[in-house]
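Text of the file model.txt, holding compact mmCIF, C-alpha atoms:
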```txt
# COMPACT_ATOMS: atom_id res chain seq x y z
CA MET R 273 128.79 105.61 72.19
CA SER R 274 127.53 108.76 70.49
CA THR R 275 124.08 110.22 71.09
CA TYR R 276 121.99 112.23 68.64
CA ALA R 277 118.55 113.78 68.46
CA LEU R 278 116.83 111.77 65.71
CA PHE R 279 115.15 113.91 63.03
CA THR R 280 112.97 111.51 61.03
CA GLY R 281 111.05 114.10 59.00
CA CYS R 282 107.39 113.94 57.99
CA THR R 283 107.78 111.85 54.82
CA ILE R 284 109.48 109.06 56.75
CA ARG R 285 107.51 109.16 60.01
CA MET R 286 104.10 109.61 58.32
CA MET R 287 104.36 108.01 54.87
CA LEU R 288 107.26 105.52 55.11
CA PRO R 289 107.44 104.43 58.77
CA HIS R 290 109.02 101.10 57.77
CA LEU R 291 112.12 103.13 56.81
CA GLU R 292 112.14 104.74 60.26
CA ALA R 293 111.86 101.33 61.95
CA ALA R 294 114.72 99.94 59.85
CA SER R 295 116.91 103.01 60.45
CA ARG R 296 116.42 102.83 64.23
CA LYS R 297 117.49 99.16 64.28
CA VAL R 298 120.60 99.91 62.23
CA LEU R 299 121.65 102.91 64.31
CA SER R 300 121.18 100.94 67.51
CA ARG R 301 123.35 98.13 66.12
CA LEU R 302 126.02 100.73 65.30
CA ASP R 303 125.96 101.81 68.95
CA ILE R 304 124.45 105.21 68.18
CA ALA R 305 121.94 106.27 70.83
CA LEU R 306 118.89 108.26 69.71
CA VAL R 307 116.76 110.74 71.60
CA ASP R 308 113.29 111.71 70.35
CA LEU R 309 112.46 115.39 70.71
CA PRO R 310 109.29 117.38 69.87
CA PHE R 311 110.33 118.32 66.32
CA THR R 312 107.86 119.70 63.80
CA CYS R 313 108.20 119.47 60.02
CA CYS R 314 111.72 120.67 59.16
CA PRO R 315 109.87 122.58 57.38
CA THR R 316 109.92 121.78 53.66
CA THR R 317 110.28 124.12 50.69
CA VAL R 318 106.47 123.90 50.39
CA LEU R 319 106.35 126.42 53.24
CA ARG R 320 109.51 128.28 52.19
CA GLU R 321 108.19 129.12 48.71
CA VAL R 322 105.06 130.73 50.21
CA ASP R 323 106.66 132.42 53.24
CA ASP R 324 110.39 132.19 53.87
CA THR R 325 110.16 133.96 57.25
CA ALA R 326 107.68 131.38 58.55
CA TRP R 327 109.95 128.65 57.16
CA LEU R 328 113.03 130.08 58.86
CA THR R 329 111.26 130.56 62.19
CA MET R 330 110.01 126.98 62.26
CA ALA R 331 113.44 125.62 61.29
CA ALA R 332 115.08 127.75 64.00
CA ARG R 333 112.65 126.36 66.57
CA ASN R 334 113.62 122.79 65.62
CA LEU R 335 117.31 123.63 65.93
CA ALA R 336 116.69 125.33 69.30
CA VAL R 337 114.85 122.21 70.55
CA ALA R 338 118.01 120.15 69.95
CA GLU R 339 120.24 122.89 71.38
CA GLN R 340 118.25 122.94 74.63
CA GLU R 341 119.10 119.27 75.13
CA GLY R 342 122.73 119.82 74.15
CA LEU R 343 122.37 117.34 71.28
CA ASP R 344 123.43 117.31 67.65
CA ILE R 345 120.84 116.24 65.07
CA LEU R 346 120.98 113.05 63.02
CA ALA R 347 118.57 113.42 60.08
CA LEU R 348 117.26 110.52 58.00
CA CYS R 349 116.06 112.73 55.13
CA ASN R 350 117.93 114.81 52.54
CA GLY R 351 115.24 117.48 52.48
CA CYS R 352 115.22 117.95 56.27
CA THR R 353 119.02 118.06 56.30
CA GLN R 354 119.02 120.77 53.64
CA SER R 355 116.26 122.84 55.26
CA LEU R 356 117.99 122.83 58.64
CA LYS R 357 121.46 123.51 57.25
CA GLU R 358 120.20 126.32 54.99
CA ALA R 359 118.41 127.81 57.98
CA GLN R 360 121.63 127.68 60.03
CA HIS R 361 123.44 129.40 57.17
CA LEU R 362 120.83 132.18 56.91
CA LEU R 363 120.79 132.61 60.70
CA GLU R 364 124.48 133.52 60.61
CA ASP R 365 123.17 136.94 59.56
CA PRO R 366 122.78 138.89 62.85
CA GLN R 367 119.75 140.85 61.66
CA ARG R 368 117.87 137.71 60.63
CA ARG R 369 118.86 135.95 63.83
CA ARG R 370 117.55 138.86 65.94
CA ALA R 371 114.22 138.85 64.10
CA VAL R 372 113.77 135.08 64.44
CA ASN R 373 114.82 135.09 68.09
CA GLY R 374 112.26 137.82 68.70
CA LYS R 375 109.57 135.35 67.57
CA LEU R 376 111.09 132.42 69.47
CA ALA R 377 111.22 134.51 72.67
CA GLU R 378 107.40 134.44 72.67
CA ILE R 379 107.61 130.71 73.42
CA GLY R 380 110.61 130.99 75.72
CA MET R 381 113.14 129.73 73.19
CA GLU R 382 116.31 131.03 71.57
CA TYR R 383 118.38 129.93 68.57
CA ARG R 384 122.09 130.01 69.38
CA GLY R 385 123.58 127.92 66.56
CA THR R 386 125.25 125.33 68.77
CA ALA R 387 123.84 122.07 67.36
CA THR R 388 125.19 120.43 64.21
CA VAL R 389 122.93 118.80 61.60
CA ASN R 390 124.17 115.49 60.22
CA HIS R 391 122.61 113.27 57.58
CA PHE R 392 122.70 109.50 58.22
CA ALA R 393 125.15 109.03 55.32
CA ALA R 394 127.48 111.71 56.67
CA VAL R 395 127.53 110.07 60.10
CA LEU R 396 128.30 106.71 58.46
CA TYR R 397 130.97 108.24 56.27
CA ASP R 398 132.77 109.43 59.39
CA MET R 399 132.61 105.82 60.67
CA ARG R 400 133.59 104.22 57.36
CA GLU R 401 136.80 102.66 58.64
CA GLU R 402 134.90 100.94 61.47
CA LEU R 403 132.36 99.37 59.11
CA PRO R 404 134.22 96.50 57.35
CA PRO R 405 134.71 94.40 60.53
CA LEU R 406 131.01 94.82 61.39
CA VAL R 407 129.54 93.56 58.11
CA THR R 408 128.76 89.95 57.25
CA GLY R 409 129.98 89.76 53.67
CA ARG R 410 126.56 88.79 52.37
CA LEU R 411 126.53 91.78 49.96
CA ALA R 412 129.61 90.43 48.14
CA GLY R 413 128.93 90.63 44.43
CA VAL R 414 125.85 92.84 44.77
CA ARG R 415 126.19 95.75 42.35
CA VAL R 416 124.75 98.94 43.79
CA ALA R 417 124.12 102.28 42.05
CA SER R 418 123.63 105.30 44.30
CA GLN R 419 121.22 108.20 43.99
CA PRO R 420 122.64 110.70 46.49
CA GLY R 421 119.74 113.05 45.73
CA CYS R 422 119.72 116.81 45.12
CA HIS R 423 119.28 118.11 48.63
CA ILE R 424 122.30 116.39 50.20
CA LEU R 425 124.59 117.69 47.42
CA ARG R 426 123.37 121.23 46.75
CA PRO R 427 124.05 124.01 47.47
CA SER R 428 127.43 122.36 48.06
CA GLU R 429 128.94 125.27 49.98
CA ILE R 430 126.21 124.88 52.60
CA MET R 431 125.68 121.11 52.48
CA ALA R 432 129.44 120.36 52.38
CA PHE R 433 128.69 116.65 51.91
CA ASP R 434 130.36 115.65 48.65
CA ASP R 435 131.56 116.87 45.25
CA PRO R 436 128.31 118.20 43.71
CA GLU R 437 129.24 117.15 40.16
CA ARG R 438 131.18 113.91 40.82
CA PRO R 439 129.90 112.56 44.14
CA SER R 440 131.75 109.49 45.44
CA LYS R 441 130.99 109.16 49.16
CA TYR R 442 128.07 106.78 48.70
CA ASP R 443 130.31 104.63 46.47
CA GLU R 444 132.95 104.54 49.19
CA LEU R 445 130.31 103.55 51.73
CA ILE R 446 128.88 100.84 49.45
CA GLU R 447 132.39 99.41 49.22
CA ALA R 448 132.91 99.69 52.99
CA ILE R 449 129.86 97.48 53.63
CA GLY R 450 131.04 94.83 51.20
CA ALA R 451 129.01 95.54 48.05
CA THR R 452 130.21 96.77 44.65
CA PRO R 453 129.53 100.40 43.71
CA VAL R 454 128.33 101.07 40.17
CA ASP R 455 128.82 104.47 38.54
CA TYR R 456 126.39 105.65 35.86
CA PRO R 457 125.80 108.79 33.76
CA ASN R 458 123.77 111.65 35.25
CA LYS R 459 124.16 110.49 38.83
CA THR R 460 123.50 114.02 40.11
CA LEU R 461 120.28 114.43 38.09
CA CYS R 462 117.12 115.04 40.12
CA CYS R 463 114.88 111.94 40.43
CA GLY R 464 111.84 113.90 39.21
CA PHE R 465 109.78 113.38 42.36
CA ASN R 466 108.69 117.01 42.67
CA LEU R 467 107.41 116.95 39.08
CA PHE R 468 105.23 113.89 39.68
CA GLU R 469 102.10 115.93 40.48
CA VAL R 470 102.97 118.76 38.04
CA ASP R 471 103.89 116.85 34.87
CA ARG R 472 103.63 113.11 35.37
CA SER R 473 104.97 112.05 31.98
CA ALA R 474 108.09 114.21 32.47
CA ALA R 475 108.59 112.77 35.97
CA ALA R 476 108.24 109.27 34.49
CA ARG R 477 110.82 109.95 31.76
CA ILE R 478 113.32 111.31 34.30
CA VAL R 479 113.16 108.29 36.61
CA MET R 480 113.12 105.81 33.70
CA ASP R 481 116.18 107.54 32.15
CA LYS R 482 117.95 107.08 35.46
CA ILE R 483 116.87 103.45 35.79
CA GLU R 484 117.95 102.71 32.21
CA ALA R 485 121.39 104.26 32.83
CA MET R 486 121.84 102.27 36.06
CA SER R 487 120.66 99.12 34.36
CA LYS R 488 123.09 99.54 31.43
CA ALA R 489 125.88 100.07 33.96
CA GLY R 490 125.04 96.65 35.44
CA ALA R 491 123.44 97.68 38.73
CA ASP R 492 121.33 95.14 40.66
CA LEU R 493 119.69 97.84 42.73
CA VAL R 494 119.79 101.54 43.56
CA THR R 495 120.24 102.98 47.04
CA THR R 496 119.36 106.46 48.20
CA GLY R 497 119.40 108.47 51.41
CA CYS R 498 116.37 110.53 50.40
CA PRO R 499 112.77 109.46 51.10
CA SER R 500 111.47 111.43 48.10
CA CYS R 501 113.91 109.69 45.75
CA PHE R 502 112.93 106.42 47.47
CA THR R 503 109.25 107.05 46.71
CA GLN R 504 110.05 108.00 43.13
CA PHE R 505 112.02 104.76 42.63
CA ASP R 506 109.54 102.59 44.56
CA ARG R 507 105.85 103.48 44.25
CA ASN R 508 106.25 105.92 41.37
CA GLN R 509 108.44 103.53 39.34
CA LEU R 510 105.45 101.24 38.82
CA ILE R 511 103.43 104.16 37.41
CA ALA R 512 106.42 105.50 35.44
CA ARG R 513 106.97 102.14 33.72
CA ARG R 514 103.36 102.12 32.49
CA ILE R 515 103.54 105.71 31.21
CA ASP R 516 107.01 105.44 29.70
CA GLY R 517 106.82 101.90 28.32
CA ARG R 518 110.50 101.03 28.66
CA ASP R 519 111.07 97.47 29.84
CA VAL R 520 113.62 98.13 32.57
CA SER R 521 113.22 98.01 36.32
CA MET R 522 115.36 98.63 39.37
CA PRO R 523 114.66 97.76 43.00
CA VAL R 524 115.50 100.47 45.54
CA LEU R 525 116.80 100.25 49.09
CA PHE R 526 116.84 103.19 51.49
CA PHE R 527 120.52 103.48 52.40
CA PRO R 528 120.02 102.48 56.07
CA GLN R 529 118.24 99.31 54.83
CA LEU R 530 121.25 98.39 52.69
CA VAL R 531 123.55 98.94 55.68
CA GLY R 532 121.21 96.81 57.79
CA LEU R 533 121.33 93.90 55.33
CA ALA R 534 125.13 94.14 55.38
CA LEU R 535 125.10 94.06 59.19
CA GLY R 536 123.10 90.81 59.13
CA PHE R 537 119.51 91.97 59.62
CA SER R 538 116.94 89.93 57.71
CA ALA R 539 114.94 91.35 54.81
CA ASP R 540 111.86 91.29 57.05
CA GLU R 541 113.64 93.19 59.81
CA MET R 542 114.59 95.84 57.23
CA GLY R 543 110.96 96.12 56.09
CA LEU R 544 111.56 94.99 52.50
CA GLY R 545 108.09 93.45 52.40
CA HIS R 546 106.64 96.97 52.37
CA HIS R 547 108.30 97.83 49.06
CA ARG R 548 106.15 98.22 45.95
CA VAL R 549 109.02 97.22 43.66
CA LYS R 550 110.00 93.83 45.06
CA VAL R 551 113.66 93.47 45.90
CA GLU R 552 114.52 90.37 43.86
CA VAL R 553 118.26 90.27 43.39
CA ALA R 554 119.95 86.97 42.53
CA ALA R 555 122.92 87.71 44.79
CA LEU R 556 120.49 88.36 47.64
CA ALA R 557 118.62 85.07 47.12
CA ASP R 558 119.13 84.07 50.75
CA MET R 559 116.92 86.96 51.77
CA THR R 560 113.40 85.69 51.39
CA VAL R 561 110.86 88.42 51.87
CA ALA R 562 107.43 87.83 53.30
CA SER R 563 104.94 90.18 51.65
CA VAL R 564 103.07 92.39 54.07
CA MET Q 13 111.02 151.70 36.72
CA LYS Q 14 109.29 151.60 40.11
CA ALA Q 15 108.48 147.92 39.55
CA ARG Q 16 112.11 147.17 38.75
CA ARG Q 17 113.29 148.94 41.90
CA GLU Q 18 110.78 147.10 44.07
CA LEU Q 19 111.67 143.71 42.61
CA LEU Q 20 115.42 144.20 42.76
CA ALA Q 21 115.22 145.40 46.36
CA GLU Q 22 114.08 141.87 47.23
CA ILE Q 23 116.36 140.01 44.80
CA PRO Q 24 119.55 142.13 44.66
CA GLU Q 25 121.62 139.13 43.45
CA ALA Q 26 119.69 139.20 40.18
CA LYS Q 27 121.62 142.33 39.16
CA LYS Q 28 124.71 140.16 38.72
CA CYS Q 29 122.99 138.02 36.05
CA PHE Q 30 124.62 138.29 32.60
CA GLN Q 31 122.05 135.99 30.94
CA CYS Q 32 124.49 133.16 30.14
CA SER Q 33 121.77 130.46 30.37
CA THR Q 34 123.81 128.07 32.50
CA CYS Q 35 120.77 127.88 34.81
CA ALA Q 36 118.48 127.04 31.91
CA ALA Q 37 120.90 124.42 30.57
CA SER Q 38 121.02 122.81 34.03
CA CYS Q 39 117.28 122.92 34.73
CA VAL Q 40 115.70 119.46 34.91
CA VAL Q 41 112.22 120.96 34.53
CA LEU Q 42 113.08 122.89 31.36
CA ARG Q 43 114.80 119.84 29.89
CA TYR Q 44 112.04 117.33 30.57
CA SER Q 45 108.86 119.40 30.84
CA GLY Q 46 109.42 122.91 29.49
CA GLY Q 47 107.80 126.10 30.69
CA LEU Q 48 110.13 127.06 33.50
CA ASN Q 49 113.20 128.97 32.31
CA PRO Q 50 115.12 130.59 35.18
CA ARG Q 51 117.09 132.87 32.83
CA VAL Q 52 113.94 134.32 31.27
CA LEU Q 53 112.26 134.85 34.65
CA ILE Q 54 115.33 136.70 35.92
CA MET Q 55 115.47 138.78 32.71
CA ARG Q 56 111.85 139.80 33.19
CA ALA Q 57 112.61 140.90 36.76
CA LEU Q 58 115.65 142.86 35.54
CA CYS Q 59 113.45 144.59 32.96
CA GLY Q 60 111.02 145.62 35.69
CA ASP Q 61 108.22 143.37 34.46
CA ALA Q 62 105.97 143.35 37.56
CA GLU Q 63 103.91 140.55 35.99
CA VAL Q 64 106.80 138.11 36.43
CA VAL Q 65 105.53 137.20 39.90
CA ALA Q 66 102.23 136.10 38.36
CA SER Q 67 103.99 133.51 36.18
CA ALA Q 68 102.70 129.99 36.78
CA ASP Q 69 106.11 128.69 35.63
CA LEU Q 70 107.64 129.75 38.97
CA TRP Q 71 105.66 127.01 40.69
CA LYS Q 72 107.07 124.24 38.48
CA CYS Q 73 110.54 124.45 40.09
CA ALA Q 74 111.59 120.98 41.29
CA THR Q 75 113.90 122.63 43.90
CA CYS Q 76 116.92 120.59 42.72
CA ALA Q 77 119.19 123.68 43.10
CA GLN Q 78 121.36 122.68 40.15
CA CYS Q 79 121.04 126.30 38.88
CA ASP Q 80 122.39 127.62 42.19
CA GLU Q 81 125.29 125.20 42.05
CA ARG Q 82 126.35 126.08 38.51
CA CYS Q 83 125.58 129.83 38.24
CA PRO Q 84 128.96 131.47 37.49
CA GLN Q 85 127.75 134.82 38.84
CA GLY Q 86 126.44 133.74 42.24
CA VAL Q 87 122.92 134.86 41.33
CA ASN Q 88 121.37 131.83 43.10
CA PRO Q 89 118.45 131.48 40.66
CA PHE Q 90 116.79 128.91 42.95
CA ALA Q 91 116.70 131.47 45.79
CA VAL Q 92 115.59 134.25 43.40
CA LEU Q 93 112.66 132.10 42.24
CA MET Q 94 111.85 131.34 45.89
CA THR Q 95 111.66 135.09 46.63
CA LEU Q 96 109.52 135.76 43.55
CA LYS Q 97 107.11 133.07 44.79
CA ASN Q 98 107.03 134.73 48.23
CA ILE Q 99 106.11 138.04 46.59
CA ALA Q 100 103.44 136.27 44.54
CA ALA Q 101 102.00 134.74 47.72
CA ARG Q 102 101.85 138.14 49.47
CA LYS Q 103 100.05 139.60 46.46
CA GLY Q 104 97.54 136.75 46.43
CA LEU Q 105 98.94 135.38 43.14
CA ALA Q 106 100.12 131.99 44.40
CA PRO Q 107 98.15 128.88 43.43
CA GLU Q 108 95.60 128.22 46.18
CA SER Q 109 96.72 124.59 46.51
CA ARG Q 110 100.26 125.73 47.35
CA VAL Q 111 99.09 128.31 49.89
CA SER Q 112 96.85 125.81 51.65
CA ALA Q 113 99.67 123.23 51.76
CA ALA Q 114 101.96 125.86 53.33
CA ARG Q 115 99.21 126.95 55.73
CA MET Q 116 98.73 123.37 56.91
CA ILE Q 117 102.44 123.09 57.73
CA ALA Q 118 102.37 126.39 59.64
CA GLU Q 119 99.24 125.41 61.57
CA THR Q 120 99.91 121.73 62.31
CA GLY Q 121 103.69 121.49 62.15
CA LEU Q 122 103.34 118.55 59.75
CA ALA Q 123 103.86 118.23 56.00
CA PHE Q 124 100.96 115.77 55.59
CA PRO Q 125 97.48 115.60 57.12
CA MET Q 126 97.49 113.53 60.32
CA SER Q 127 95.13 110.55 60.37
CA ALA Q 128 94.50 107.51 62.54
CA SER Q 129 96.06 105.25 59.90
CA VAL Q 130 99.46 106.92 60.38
CA ASP Q 131 99.62 105.85 64.03
CA GLN Q 132 98.15 102.43 63.19
CA ARG Q 133 100.97 101.76 60.73
CA ARG Q 134 103.54 103.07 63.21
CA GLU Q 135 102.15 100.84 65.96
CA ARG Q 136 102.34 97.73 63.75
CA LEU Q 137 106.05 98.52 63.23
CA GLY Q 138 106.65 98.94 66.97
CA LEU Q 139 107.07 102.73 66.66
CA GLU Q 140 105.78 105.37 69.08
CA PRO Q 141 102.69 107.32 67.98
CA MET Q 142 103.17 110.76 66.44
CA SER Q 143 103.41 113.71 68.80
CA VAL Q 144 103.88 117.25 67.56
CA PRO Q 145 103.76 120.41 69.71
CA THR Q 146 101.36 122.58 67.74
CA GLY Q 147 100.45 124.83 70.66
CA ASP Q 148 103.67 126.84 70.99
CA LEU Q 149 104.32 126.58 67.28
CA THR Q 150 101.20 128.35 66.03
CA ARG Q 151 102.05 131.30 68.28
CA THR Q 152 105.34 131.83 66.43
CA VAL Q 153 104.42 131.15 62.83
CA SER Q 154 101.82 132.78 60.65
CA LEU Q 155 101.83 133.27 56.90
CA ALA Q 156 102.48 136.81 55.65
CA CYS Q 157 99.81 136.29 52.98
CA ASP Q 158 97.26 135.67 55.76
CA VAL Q 159 98.13 138.64 57.98
CA GLU Q 160 99.33 141.43 55.67
CA PRO Q 161 97.00 143.45 53.48
CA ARG Q 162 97.51 142.73 49.80
```
Please lay out the structure from this file as structure tokens.
Amino acid sequence: MSTYALFTGCTIRMMLPHLEAASRKVLSRLDIALVDLPFTCCPTTVLREVDDTAWLTMAARNLAVAEQEGLDILALCNGCTQSLKEAQHLLEDPQRRRAVNGKLAEIGMEYRGTATVNHFAAVLYDMREELPPLVTGRLAGVRVASQPGCHILRPSEIMAFDDPERPSKYDELIEAIGATPVDYPNKTLCCGFNLFEVDRSAAARIVMDKIEAMSKAGADLVTTGCPSCFTQFDRNQLIARRIDGRDVSMPVLFFPQLVGLALGFSADEMGLGHHRVKVEVAALADMTVASV
Amino acid sequence: MKARRELLAEIPEAKKCFQCSTCAASCVVLRYSGGLNPRVLIMRALCGDAEVVASADLWKCATCAQCDERCPQGVNPFAVLMTLKNIAARKGLAPESRVSAARMIAETGLAFPMSASVDQRRERLGLEPMSVPTGDLTRTVSLACDVEPR
């Protein structure tokens, strides 16, 4: 059994707790033990763009919290994974590390760079050969497009997750859990989430372009490991459809939810009733969802 | 040229830019919304245009980092824009909504305002209530734009 410090991130723990609940059930079923530590916001680029020193200090504190317990981090969110990995990369610079550790010393902490940061999908990818015997086969025939999301792919030399232009790891994982991966044009394009408050019609066109491409490729649903992409494809899709007018739709599953369905959890156990875009897929007809 | 020197001291990578526009061609914001053009912002910095940090376009970046990934010169336009925004914040030129969002993260350790409904939803799902150590955190983190003179 492996043990990780679970890094849920603010979007999941505060805005989408049903995704946290589903992820915990799935990780437990996969025999991965989780420890909860006093993590703050990763923090997000919202802080970094105003003050990158404050951002780096807060990220270093989170990493030091895991280091103190001797644990590696398992992150559920692309953005958190990127923030923490970028911080580790920047803290390789001795001068920066000294400055940050000077601040951390005020609270009796030190960043040493001993904990690894691992996204859920990366942990599963390392277990991919163990997955087929664990799944039920109920996803047979379900055609799944993936939205890896920007922050797990780029900058690729720091994230080191997948080919940044032709990513395939999610497709391999979709296959490993018994579903059918569907490729589509512009897979690496941003979902548009961060533009939603800045230019809503542009954000709507981006997500509808993606949904149209997935739909033409024959996908039944899209899966993503990013809570911002999830929100863009779930809540924001309803708004985007009204603004954009195109008559296409696409249900979304957070990647741990898709894994959970493959492992035999019910739609209710995976929190599908909390979705704004109802997951109605013919091949998943056995999964009746009670609305919450 | 003092402005150019000051800017390039903070974004030395920008000197490698040969204005090929790969960043602009890869920018999801430019393609779908317009306004933001990383190549033009970097050109303005290279020309010593001190006003570049006052550009509202900087704050449209969707942070997708596609420009960083594809830049053939290793300029890291995404990081350059990030630094230009930091300079803007120190000079009091950042949009107030962005500064207050950043300040909330620094002060509370959370990306969203905490409310009773967050814990109520978590409880209904069988999850532990939120707990974040703001005490030690606020002693380590303060925003430069709040402590340094402009």
* May I ask for the distance between atom CA of R:Pro439 and atom CA of R:Cys422, given in Å to one decimal place? => 11.1 Å
At a cut-off of 10 Å, using only C-alpha atoms, what residues contact Q:Pro145? Leave out same-chain residues fewer than 2 positions from it and give the result as a CSV table (one decimal) with C-alpha atoms, in the coordinates of the input.
```
chain,number,residue,atom,x,y,z
R,310,PRO,CA,109.3,117.4,69.9
R,311,PHE,CA,110.3,118.3,66.3
R,312,THR,CA,107.9,119.7,63.8
Q,120,THR,CA,99.9,121.7,62.3
Q,121,GLY,CA,103.7,121.5,62.2
Q,143,SER,CA,103.4,113.7,68.8
Q,147,GLY,CA,100.4,124.8,70.7
Q,148,ASP,CA,103.7,126.8,71.0
Q,149,LEU,CA,104.3,126.6,67.3
Q,150,THR,CA,101.2,128.4,66.0
```
* For chain Q, list the residues within 8 Å of chain R, counting all atoms listed in the file, and write the list as JSON, numbers by chain. => {"Q": [40, 41, 44, 45, 72, 74, 75, 76, 77, 78, 80, 81, 94, 95, 97, 98, 101, 106, 110, 111, 113, 114, 115, 117, 118, 121, 122, 123, 124, 126, 130, 133, 134, 137, 138, 139, 142, 143, 144, 145, 148, 149, 151, 152, 153, 154, 155, 156, 157]}
* Give as a ChimeraX atom specification every residue, naming chains and numbers as the document does, that has an atom within 9 Å of (122.7, 125.2, 54.7), counting all atoms listed in the file. => /R:353-362,426-432
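As for atom CA of R:Val407 and atom CA of R:Ile446, they are spaced 11.3 Å apart.
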* To do: Can you pull out every residue within 6 Å of stretch 521-530 of chain R, counting only C-alpha atoms, but drop anything in the same chain fewer than 3 positions away, and send it as a list in words?
  => Ser295, Leu493, Val494, Thr495, Thr496, Gly497, Leu533, Met542, Val549 and Val551 of chain R
